[in-house]
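This is structure_0.txt (compact mmCIF, C-alpha atoms).
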```txt
# COMPACT_ATOMS: atom_id res chain seq x y z
CA MET G 46 0.00 0.00 0.00
CA ILE G 47 2.61 2.55 1.12
CA GLN G 48 6.32 1.96 0.65
CA ILE G 49 8.84 4.45 1.98
CA LYS G 50 12.31 3.81 0.57
CA ASN G 51 15.58 5.34 1.80
CA LEU G 52 13.81 8.57 2.66
CA SER G 53 15.76 11.48 4.16
CA LYS G 54 14.80 15.07 4.85
CA VAL G 55 17.35 17.81 5.49
CA PHE G 56 16.30 21.35 6.35
CA LYS G 57 18.57 24.28 5.55
CA THR G 58 18.76 26.87 8.35
CA PRO G 59 20.83 30.02 8.94
CA ASN G 60 22.86 27.93 11.39
CA GLY G 61 23.50 25.10 8.94
CA SER G 62 21.78 21.90 7.89
CA PHE G 63 19.41 19.96 10.14
CA THR G 64 18.60 16.29 9.43
CA ALA G 65 14.96 15.63 10.34
CA LEU G 66 14.78 12.14 8.76
CA LYS G 67 17.56 9.74 7.85
CA ASP G 68 17.24 6.65 5.62
CA ILE G 69 13.65 5.76 6.52
CA ASN G 70 12.36 2.45 5.15
CA LEU G 71 8.79 1.35 5.91
CA HIS G 72 6.15 -0.88 4.35
CA ILE G 73 2.61 -0.03 5.43
CA PRO G 74 0.17 -2.80 4.40
CA LYS G 75 -3.26 -2.06 2.96
CA GLY G 76 -5.96 -2.00 5.62
CA SER G 77 -3.50 -1.71 8.52
CA VAL G 78 -3.52 0.84 11.31
CA TYR G 79 0.16 1.73 11.38
CA GLY G 80 1.47 3.68 14.36
CA ILE G 81 4.63 5.76 14.24
CA ILE G 82 5.70 6.74 17.75
CA GLY G 83 8.51 8.97 18.93
CA LEU G 84 9.40 11.73 21.33
CA SER G 85 8.96 15.40 20.43
CA GLY G 86 11.48 16.36 17.76
CA ALA G 87 12.15 12.77 16.68
CA GLY G 88 10.92 13.46 13.14
CA LYS G 89 7.52 11.74 13.13
CA SER G 90 5.46 14.74 11.95
CA THR G 91 7.96 15.47 9.19
CA LEU G 92 7.66 11.84 8.10
CA ILE G 93 3.87 11.90 7.82
CA ARG G 94 4.03 15.18 5.88
CA CYS G 95 6.45 13.56 3.44
CA ILE G 96 3.86 10.88 2.66
CA ASN G 97 1.49 13.40 1.06
CA MET G 98 4.32 15.68 -0.11
CA LEU G 99 3.46 18.57 2.20
CA GLU G 100 7.20 18.23 2.79
CA ARG G 101 9.39 17.24 -0.12
CA PRO G 102 11.96 14.58 0.84
CA THR G 103 15.58 15.50 0.21
CA LYS G 104 16.06 11.99 -1.14
CA GLY G 105 14.20 8.70 -1.29
CA GLU G 106 10.78 7.62 -2.52
CA VAL G 107 7.20 7.37 -1.28
CA ILE G 108 5.19 4.82 -3.29
CA LEU G 109 1.42 4.94 -2.74
CA ASN G 110 -0.65 2.29 -4.55
CA GLY G 111 2.16 1.88 -7.05
CA GLN G 112 2.43 5.62 -7.71
CA ASN G 113 5.69 7.39 -6.90
CA MET G 114 4.53 10.49 -5.03
CA THR G 115 7.98 12.08 -5.16
CA LEU G 116 7.77 12.39 -8.97
CA LEU G 117 4.42 14.22 -8.98
CA THR G 118 3.92 17.97 -9.29
CA GLY G 119 1.08 20.37 -10.00
CA LYS G 120 -2.22 18.86 -11.14
CA GLU G 121 -0.99 15.24 -10.82
CA LEU G 122 0.00 15.81 -7.19
CA ARG G 123 -3.31 17.52 -6.38
CA GLN G 124 -5.20 14.58 -7.84
CA ALA G 125 -3.07 12.06 -5.91
CA ARG G 126 -3.70 13.94 -2.67
CA GLN G 127 -7.45 13.38 -3.08
CA ASN G 128 -6.63 9.75 -2.26
CA ILE G 129 -5.05 10.81 1.05
CA GLY G 130 -7.03 12.27 3.96
CA MET G 131 -5.38 14.00 6.91
CA ILE G 132 -6.48 15.01 10.41
CA PHE G 133 -4.56 17.30 12.74
CA GLN G 134 -3.93 17.83 16.43
CA HIS G 135 -5.68 21.23 16.49
CA PHE G 136 -8.45 20.31 14.03
CA ASN G 137 -7.76 23.16 11.52
CA LEU G 138 -11.45 23.87 10.97
CA LEU G 139 -12.72 26.98 9.19
CA GLU G 140 -14.38 28.99 11.96
CA SER G 141 -16.70 30.87 9.57
CA ARG G 142 -18.16 27.65 8.15
CA THR G 143 -20.72 25.29 9.63
CA VAL G 144 -19.96 21.65 10.33
CA ALA G 145 -21.56 20.63 7.03
CA ASP G 146 -19.68 23.29 5.10
CA ASN G 147 -16.36 22.29 6.67
CA ILE G 148 -16.94 18.71 5.57
CA ALA G 149 -17.89 19.93 2.09
CA PHE G 150 -14.80 22.10 1.67
CA PRO G 151 -12.41 19.50 0.11
CA LEU G 152 -15.20 18.45 -2.27
CA GLU G 153 -15.62 22.03 -3.40
CA ILE G 154 -11.88 22.24 -4.03
CA ALA G 155 -12.14 19.01 -6.05
CA GLN G 156 -15.02 20.62 -8.01
CA TRP G 157 -17.65 18.03 -7.21
CA PRO G 158 -21.22 18.92 -8.33
CA LYS G 159 -23.28 20.59 -5.60
CA LYS G 160 -25.84 17.78 -5.39
CA LYS G 161 -23.10 15.19 -5.06
CA ILE G 162 -21.42 17.27 -2.34
CA ALA G 163 -24.65 17.55 -0.37
CA ALA G 164 -25.26 13.80 -0.63
CA ARG G 165 -21.73 12.97 0.51
CA VAL G 166 -21.98 15.30 3.51
CA GLN G 167 -25.23 13.60 4.53
CA GLU G 168 -23.47 10.23 4.36
CA LEU G 169 -20.60 11.39 6.56
CA LEU G 170 -22.51 13.21 9.31
CA PRO G 171 -24.05 10.03 10.84
CA LEU G 172 -20.80 8.11 10.32
CA VAL G 173 -19.04 10.45 12.78
CA GLY G 174 -22.09 10.95 15.02
CA LEU G 175 -22.77 14.58 14.11
CA GLU G 176 -26.10 14.40 12.28
CA GLN G 177 -27.55 16.84 14.83
CA LYS G 178 -24.69 19.33 14.44
CA ALA G 179 -24.74 20.00 10.68
CA ASP G 180 -25.58 23.71 11.11
CA ALA G 181 -23.37 24.33 14.16
CA TYR G 182 -20.15 26.34 13.99
CA PRO G 183 -16.78 25.17 15.37
CA ALA G 184 -17.01 27.58 18.33
CA GLN G 185 -20.14 25.70 19.44
CA LEU G 186 -18.42 22.29 19.47
CA SER G 187 -16.38 20.36 22.02
CA GLY G 188 -12.85 19.23 21.19
CA GLY G 189 -14.06 15.72 20.42
CA GLN G 190 -16.80 17.00 18.13
CA LYS G 191 -14.29 19.21 16.30
CA GLN G 192 -12.07 16.21 15.67
CA ARG G 193 -15.08 14.26 14.38
CA VAL G 194 -15.63 17.07 11.87
CA GLY G 195 -11.94 16.79 10.95
CA ILE G 196 -12.32 13.05 10.40
CA ALA G 197 -15.43 13.48 8.24
CA ARG G 198 -13.68 16.18 6.19
CA ALA G 199 -10.67 13.90 5.71
CA LEU G 200 -12.94 11.08 4.50
CA ALA G 201 -14.96 13.27 2.14
CA THR G 202 -13.11 12.35 -1.06
CA ASN G 203 -13.16 8.60 -0.26
CA PRO G 204 -9.41 8.36 0.32
CA ALA G 205 -7.52 5.08 0.50
CA VAL G 206 -5.25 6.42 3.25
CA LEU G 207 -5.94 8.48 6.37
CA LEU G 208 -3.00 10.29 7.99
CA CYS G 209 -3.44 11.25 11.65
CA ASP G 210 -0.92 13.73 13.06
CA GLU G 211 -1.22 13.66 16.88
CA ALA G 212 -5.00 13.47 16.36
CA THR G 213 -5.84 12.89 20.05
CA SER G 214 -3.12 14.90 21.79
CA ALA G 215 -5.41 17.89 22.42
CA LEU G 216 -8.24 15.75 23.82
CA ASP G 217 -9.09 14.51 27.32
CA PRO G 218 -8.69 10.76 28.02
CA GLN G 219 -12.39 9.87 27.67
CA THR G 220 -12.73 11.75 24.38
CA THR G 221 -9.49 10.17 23.14
CA VAL G 222 -11.00 6.70 23.64
CA SER G 223 -14.13 7.66 21.68
CA ILE G 224 -12.09 9.08 18.77
CA LEU G 225 -9.87 5.98 18.67
CA GLU G 226 -12.96 3.77 18.66
CA LEU G 227 -14.33 5.77 15.72
CA LEU G 228 -11.08 5.40 13.79
CA LYS G 229 -11.01 1.67 14.51
CA GLU G 230 -14.61 1.34 13.30
CA ILE G 231 -13.80 3.24 10.09
CA ASN G 232 -10.72 1.06 9.49
CA GLU G 233 -12.72 -2.14 9.89
CA LYS G 234 -15.78 -0.96 7.93
CA PHE G 235 -13.96 0.45 4.90
CA ASN G 236 -10.60 -1.38 5.08
CA LEU G 237 -9.06 2.10 5.19
CA THR G 238 -5.30 2.27 5.73
CA ILE G 239 -4.59 4.56 8.69
CA VAL G 240 -1.20 6.00 9.65
CA ILE G 241 -1.09 7.43 13.18
CA ILE G 242 1.64 9.71 14.48
CA THR G 243 1.78 9.93 18.27
CA HIS G 244 4.03 10.23 21.31
CA GLU G 245 1.63 8.18 23.46
CA MET G 246 2.00 4.41 23.62
CA LYS G 247 -1.53 4.09 25.01
CA VAL G 248 -2.82 5.31 21.63
CA ILE G 249 -0.69 2.69 19.87
CA LYS G 250 -1.95 -0.16 22.06
CA GLU G 251 -5.62 0.76 21.64
CA ILE G 252 -5.85 0.81 17.87
CA CYS G 253 -2.69 -0.09 15.92
CA THR G 254 -1.91 -3.33 14.12
CA ASP G 255 1.73 -2.39 13.48
CA VAL G 256 4.18 0.08 14.96
CA ALA G 257 7.44 1.79 14.09
CA VAL G 258 9.56 3.62 16.66
CA ILE G 259 11.41 6.72 15.48
CA ASP G 260 14.26 8.23 17.47
CA GLN G 261 16.64 11.01 16.43
CA ALA G 262 15.43 10.97 12.82
CA GLN G 263 15.78 7.19 12.34
CA ILE G 264 13.49 4.17 12.61
CA VAL G 265 15.04 2.13 15.42
CA GLU G 266 12.40 -0.60 15.62
CA LYS G 267 9.34 -1.79 13.72
CA GLY G 268 7.03 -4.77 13.66
CA SER G 269 3.58 -6.00 14.57
CA LEU G 270 2.00 -4.46 17.65
CA GLU G 271 2.31 -7.75 19.54
CA SER G 272 5.98 -8.32 18.70
CA VAL G 273 7.05 -4.85 19.81
CA PHE G 274 5.13 -5.07 23.08
CA LEU G 275 6.23 -8.63 23.81
CA SER G 276 9.90 -8.14 23.06
CA PRO G 277 10.99 -4.52 22.52
CA LYS G 278 14.60 -4.35 21.32
CA SER G 279 15.59 -0.67 21.48
CA ASN G 280 15.87 1.31 24.71
CA ILE G 281 13.33 3.87 23.52
CA ALA G 282 10.81 1.14 22.65
CA LYS G 283 11.31 -0.40 26.10
CA GLU G 284 10.60 3.00 27.67
CA PHE G 285 7.44 3.43 25.61
CA VAL G 286 6.16 -0.05 26.56
CA ALA G 287 6.99 0.61 30.23
CA SER G 288 4.94 3.83 30.07
CA VAL G 289 1.85 1.65 29.53
CA PHE G 290 2.94 -1.44 31.48
CA PRO G 291 5.34 -0.16 34.16
CA ASN G 292 7.63 -2.99 35.24
CA LYS G 293 10.61 -1.21 36.79
CA LEU G 294 10.99 -2.09 40.44
CA PRO G 295 12.06 0.56 42.97
CA PRO G 296 15.89 0.57 43.30
CA GLN G 297 15.71 -0.07 47.05
CA LEU G 298 13.59 -3.19 46.53
CA LEU G 299 15.99 -4.43 43.84
CA ARG G 300 18.93 -4.01 46.23
CA GLU G 301 17.10 -5.95 48.93
CA LEU G 302 16.11 -8.73 46.56
CA ALA G 303 19.66 -8.96 45.24
CA GLN G 304 20.71 -10.16 48.68
CA HIS G 305 18.57 -13.29 48.35
CA PRO G 306 20.83 -16.24 47.52
CA GLY G 307 19.94 -18.47 44.58
CA SER G 308 17.27 -16.22 43.10
CA GLN G 309 16.46 -14.60 39.78
CA ILE G 310 14.25 -11.62 39.01
CA VAL G 311 12.49 -11.91 35.66
CA ASN G 312 9.91 -10.07 33.59
CA VAL G 313 7.41 -12.35 31.85
CA ASN G 314 5.14 -11.05 29.07
CA PHE G 315 1.91 -12.86 28.12
CA LEU G 316 -0.20 -12.58 24.98
CA GLY G 317 -3.67 -13.84 24.12
CA SER G 318 -4.93 -16.94 25.93
CA ALA G 319 -1.61 -17.30 27.78
CA ALA G 320 -2.59 -14.23 29.84
CA SER G 321 -5.32 -16.28 31.53
CA GLU G 322 -3.35 -19.50 32.10
CA PRO G 323 -2.20 -20.56 35.63
CA ILE G 324 1.50 -20.00 34.92
CA ILE G 325 2.55 -19.45 38.53
CA SER G 326 1.05 -22.67 39.86
CA GLY G 327 2.59 -24.53 36.92
CA LEU G 328 6.06 -23.15 37.71
CA ILE G 329 5.79 -24.24 41.32
CA ARG G 330 4.35 -27.65 40.53
CA GLU G 331 6.46 -28.58 37.50
CA CYS G 332 9.79 -26.96 38.33
CA GLY G 333 10.08 -27.21 42.10
CA ILE G 334 10.85 -23.53 42.67
CA THR G 335 9.53 -20.78 44.92
CA VAL G 336 7.82 -17.90 43.13
CA ASN G 337 7.40 -14.41 44.57
CA ILE G 338 5.11 -12.09 42.57
CA LEU G 339 6.57 -8.58 42.61
CA TYR G 340 4.36 -6.89 40.02
CA GLY G 341 1.52 -7.84 37.69
CA SER G 342 -0.72 -6.18 35.13
CA ILE G 343 -3.14 -7.26 32.40
CA ASP G 344 -4.69 -5.14 29.66
CA ARG G 345 -5.56 -5.27 25.97
CA LEU G 346 -3.48 -4.68 22.85
CA ARG G 347 -6.16 -3.63 20.37
CA SER G 348 -8.43 -6.66 21.00
CA THR G 349 -5.87 -9.15 22.38
CA LEU G 350 -5.11 -9.74 26.06
CA PHE G 351 -1.59 -8.74 27.12
CA GLY G 352 -0.10 -9.31 30.56
CA VAL G 353 3.12 -8.45 32.39
CA LEU G 354 4.52 -10.18 35.47
CA THR G 355 7.68 -9.42 37.41
CA LEU G 356 8.68 -12.50 39.43
CA GLU G 357 11.38 -13.57 41.85
CA LEU G 358 12.29 -17.20 41.18
CA GLN G 359 14.15 -19.11 43.90
CA GLY G 360 15.68 -22.57 43.53
CA SER G 361 18.72 -24.52 42.42
CA PRO G 362 20.39 -23.67 39.07
CA GLU G 363 18.90 -26.84 37.63
CA ASN G 364 15.39 -25.96 38.81
CA LEU G 365 15.70 -22.39 37.51
CA ALA G 366 16.84 -23.73 34.13
CA GLU G 367 13.81 -26.02 34.12
CA ALA G 368 11.62 -22.97 34.89
CA HIS G 369 12.99 -21.16 31.84
CA ARG G 370 12.30 -24.21 29.68
CA TYR G 371 8.75 -24.36 31.05
CA LEU G 372 8.15 -20.69 30.21
CA ALA G 373 9.66 -21.13 26.74
CA GLN G 374 7.31 -24.06 26.06
CA LYS G 375 4.43 -21.72 26.89
CA ASN G 376 5.77 -19.25 24.28
CA LEU G 377 6.26 -16.55 26.89
CA ALA G 378 8.78 -13.73 26.50
CA VAL G 379 11.20 -13.71 29.47
CA GLU G 380 13.76 -11.06 30.43
CA VAL G 381 16.19 -11.68 33.31
CA ILE G 382 16.59 -8.49 35.38
CA HIS G 383 18.83 -9.98 38.09
CA ASN G 384 20.63 -13.28 38.42
CA GLY G 385 21.68 -14.24 41.95
CA TYR G 386 23.98 -17.03 40.78
```
Could I get this structure in the form of structure tokens?
Amino acid sequence: MIQIKNLSKVFKTPNGSFTALKDINLHIPKGSVYGIIGLSGAGKSTLIRCINMLERPTKGEVILNGQNMTLLTGKELRQARQNIGMIFQHFNLLESRTVADNIAFPLEIAQWPKKKIAARVQELLPLVGLEQKADAYPAQLSGGQKQRVGIARALATNPAVLLCDEATSALDPQTTVSILELLKEINEKFNLTIVIITHEMKVIKEICTDVAVIDQAQIVEKGSLESVFLSPKSNIAKEFVASVFPNKLPPQLLRELAQHPGSQIVNVNFLGSAASEPIISGLIRECGITVNILYGSIDRLRSTLFGVLTLELQGSPENLAEAHRYLAQKNLAVEVIHNGY
């Protein structure tokens, strides 16, 4: 669906060159909800703006449905952009236009007939839950309602791709959940490819099927949502996962536990049905070890159960080795934090 190949973006400033993106390579499958997460200044917003050529890459290619966006200019680029919708953090609504007229705006630019515009607006209003707000102005709307207008406007031209640049960052937690549910519903109903830029891992876990982590202008990790949460490789990805599933023990407790002879401290991550299995009792029964639960949490990744346990395992080296084999047989991701042997 979207292929980004060897993409770099360098800005020229009075103080010299600044590299915003460096050698980015991504494949975004059709129908996926692809999250790109990074800290402020990492380059994520520049990346999403390169997809629709609001920013021209310094080098590299963006291929959308087989069309090389980087080669397009003028009328061809304007036509290609009709296949890409975009929503923004601060909504970017026209304050002098009603909800219906804001939704109609991109259709007017595309020179749709008036009757066709009116029909399309009437299709979109109930889709985003605003059928009672057609004649309201942005100043009369809540933040969540404004973003729903932004979503409807972005969908007006029936795009194949929806770009979301920090779309929930200006919203309260409850409204964020409702907007993410709406985006998930749209993705599933229309098989719409959605690219989400965010700095919040809780947004990623609620809606995304895949995720890429960007740090200092480079993609440092990418994969399915489950693989990144189960076994994050980069330090920044580990920090993002820990922001949703905190598993760092207090330093004082770690020092105290380190004094226990013949013990290990491990993090165990669970996915799907494994999150509801009696792992602890199995470890004790099958491996002959003592298990001390230090931390535990269970939540959902999109629609799949995901759990985290931090355990102290006590026993002989042979019994601890057997415990690791037992966990591996259960297809659980295990990280050793401390080894007392």
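Taking CA of Pro171 (chain G) and CA of Glu153 (chain G) as endpoints, the distance between them is 20.4 Å.
Within the 7 Å cut-off around Thr355 (chain G), using all atoms listed in the file and omitting residues fewer than 3 positions from it on the same chain, the listed residues are Asn292, Val311, Asn312, Val313, Ile338, Leu339, Tyr340 and Gly341 of chain G.
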Once 5 Å is added on each side, what centre and edge lengths in Å to one decimal does the axis-aligned box around all listed atoms of region 98-110 of chain G have, as AutoDock Vina command-line options?
```
--center_x 7.7 --center_y 10.4 --center_z -0.9 --size_x 26.7 --size_y 26.3 --size_z 17.3
```
Give one line per residue of region 236-255 of chain G that approaches region 129-143 of chain G to at most 10 Å, naming the two atoms of the closest pair and their distance in Å to one decimal, counting all atoms listed in the file; sort by chain then ascending residue number and deliver it as JSON lines.
```
{"residue": "G:Thr238", "atom": "CA", "partner": "G:Ile129", "partner_atom": "CA", "distance": 9.7}
{"residue": "G:Ile239", "atom": "CA", "partner": "G:Gly130", "partner_atom": "CA", "distance": 9.4}
{"residue": "G:Val240", "atom": "CA", "partner": "G:Met131", "partner_atom": "CA", "distance": 9.4}
{"residue": "G:Ile241", "atom": "CA", "partner": "G:Ile132", "partner_atom": "CA", "distance": 9.7}
{"residue": "G:Ile242", "atom": "CA", "partner": "G:Phe133", "partner_atom": "CA", "distance": 10.0}
{"residue": "G:Thr243", "atom": "CA", "partner": "G:Gln134", "partner_atom": "CA", "distance": 9.9}
```
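In terms of minimum interatomic distance to Glu271 (chain G), G:Gly352 ranks closest within G:Gly307, G:Pro183, G:Pro323, G:Gly352, counting all atoms listed in the file.
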Write out as a ChimeraX atom specification the residues lying within 9 Å of Ile264 (chain G), counting all atoms listed in the file and excluding same-chain residues fewer than 5 positions away. /G:66-71,257-259
Residues near Ile148 (chain G), anyone? I mean within 9 Å using only C-alpha atoms, not counting same-chain ones fewer than 6 positions away, as number ranges by chain. G: 166, 169-170, 194-201
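CA of Phe290 (chain G) lies 7.1 Å from CA of Val353 (chain G).
Proximity of G:Leu99, G:Ala125, G:Ile93, G:Ala282 to Asp260 (chain G), computed with only C-alpha atoms, is greatest for G:Ala282.
Distance annotation: of G:Ser272, G:Asn147, G:Ser326, G:Asn128, the residue with the minimal separation from Tyr182 (chain G) is G:Asn147; atom set is only C-alpha atoms.
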Name the residues, using the chain letters and numbers of the file, that sit within 10 Å of (13.3, -25.6, 34.2) when counting all atoms listed in the file, and give them as a PyMOL selection string. chain G and resi 328+331-334+361-373
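The coordinates place CA of Val286 (chain G) at 28.3 Å from CA of Ile329 (chain G).
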Near-Leu358 (chain G) list (7 Å; all atoms listed in the file; drop same-chain fewer than 4 positions) as a ChimeraX atom specification: /G:308-310,334-337
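When all atoms listed in the file are used to compute distances to Ile324 (chain G), the closest of the residues G:Ser276, G:Asn60, G:Asn376, G:Gln167 turns out to be G:Asn376.
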Within 12 Å of file point (8.1, 16.9, 18.9), counting only C-alpha atoms, expressed as a PyMOL selection string: chain G and resi 65+82-92+210-211+214+242-245+259-262
Taking 4 positions as the minimum chain separation for residues in the same chain, which residues sit within 12 Å of Asn97 (chain G) when counting all atoms listed in the file? Answer as a ChimeraX atom specification. /G:47,49,90-93,101-102,106-109,112-118,122-131,206-209,240
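Proximity ranking of G:Lys250, G:Lys75, G:Lys54, G:Arg193 relative to Phe351 (chain G) places G:Lys250 first, based on all atoms listed in the file.
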For each of G:Gln185, G:Thr103, G:Ser288, G:Ser279, take the minimum atom-to-atom distance to Leu52 (chain G), counting all atoms listed in the file, then give the residue where this is smallest. G:Thr103
Would you mind exporting region 103-112 of chain G with all heavy atoms, as a compact mmCIF listing (two decimals), in the first residue's frame?
```txt
# COMPACT_ATOMS: atom_id res chain seq x y z
N THR G 103 14.31 15.15 0.84
CA THR G 103 15.58 15.50 0.21
C THR G 103 16.04 14.38 -0.70
O THR G 103 16.61 14.62 -1.78
CB THR G 103 16.64 15.78 1.30
OG1 THR G 103 16.15 16.80 2.19
CG2 THR G 103 17.95 16.25 0.68
N LYS G 104 15.80 13.15 -0.28
CA LYS G 104 16.06 11.99 -1.14
C LYS G 104 15.13 10.86 -0.73
O LYS G 104 14.49 10.91 0.32
CB LYS G 104 17.52 11.54 -1.04
CG LYS G 104 17.89 10.87 0.26
CD LYS G 104 19.28 10.21 0.17
CE LYS G 104 19.57 9.39 1.42
NZ LYS G 104 20.81 8.62 1.32
N GLY G 105 15.05 9.85 -1.58
CA GLY G 105 14.20 8.70 -1.29
C GLY G 105 12.88 8.76 -2.03
O GLY G 105 12.60 9.71 -2.79
N GLU G 106 12.04 7.76 -1.80
CA GLU G 106 10.78 7.62 -2.52
C GLU G 106 9.63 7.30 -1.56
O GLU G 106 9.82 6.64 -0.54
CB GLU G 106 10.87 6.49 -3.55
CG GLU G 106 11.87 6.72 -4.66
CD GLU G 106 11.94 5.55 -5.62
OE1 GLU G 106 11.75 4.39 -5.16
OE2 GLU G 106 12.17 5.79 -6.82
N VAL G 107 8.45 7.76 -1.94
CA VAL G 107 7.20 7.37 -1.28
C VAL G 107 6.29 6.80 -2.37
O VAL G 107 5.87 7.53 -3.28
CB VAL G 107 6.52 8.56 -0.58
CG1 VAL G 107 5.19 8.11 0.02
CG2 VAL G 107 7.42 9.15 0.49
N ILE G 108 6.02 5.50 -2.30
CA ILE G 108 5.19 4.82 -3.29
C ILE G 108 3.83 4.56 -2.66
O ILE G 108 3.73 3.85 -1.65
CB ILE G 108 5.81 3.49 -3.76
CG1 ILE G 108 7.29 3.68 -4.12
CG2 ILE G 108 5.02 2.92 -4.92
CD1 ILE G 108 7.56 4.58 -5.29
N LEU G 109 2.77 5.12 -3.24
CA LEU G 109 1.42 4.94 -2.74
C LEU G 109 0.58 4.28 -3.82
O LEU G 109 0.37 4.85 -4.90
CB LEU G 109 0.82 6.29 -2.35
CG LEU G 109 -0.63 6.31 -1.88
CD1 LEU G 109 -0.83 5.42 -0.66
CD2 LEU G 109 -1.10 7.72 -1.59
N ASN G 110 0.13 3.04 -3.54
CA ASN G 110 -0.65 2.29 -4.55
C ASN G 110 0.07 2.22 -5.89
O ASN G 110 -0.54 2.39 -6.96
CB ASN G 110 -2.03 2.92 -4.72
CG ASN G 110 -3.01 2.43 -3.68
OD1 ASN G 110 -2.77 1.44 -2.99
ND2 ASN G 110 -4.11 3.13 -3.54
N GLY G 111 1.38 2.01 -5.83
CA GLY G 111 2.16 1.88 -7.05
C GLY G 111 2.56 3.19 -7.70
O GLY G 111 3.29 3.19 -8.71
N GLN G 112 2.12 4.31 -7.14
CA GLN G 112 2.43 5.62 -7.71
C GLN G 112 3.52 6.30 -6.90
O GLN G 112 3.42 6.43 -5.68
CB GLN G 112 1.17 6.49 -7.72
CG GLN G 112 1.30 7.80 -8.47
CD GLN G 112 -0.03 8.53 -8.58
OE1 GLN G 112 -0.85 8.50 -7.65
NE2 GLN G 112 -0.27 9.19 -9.69
```
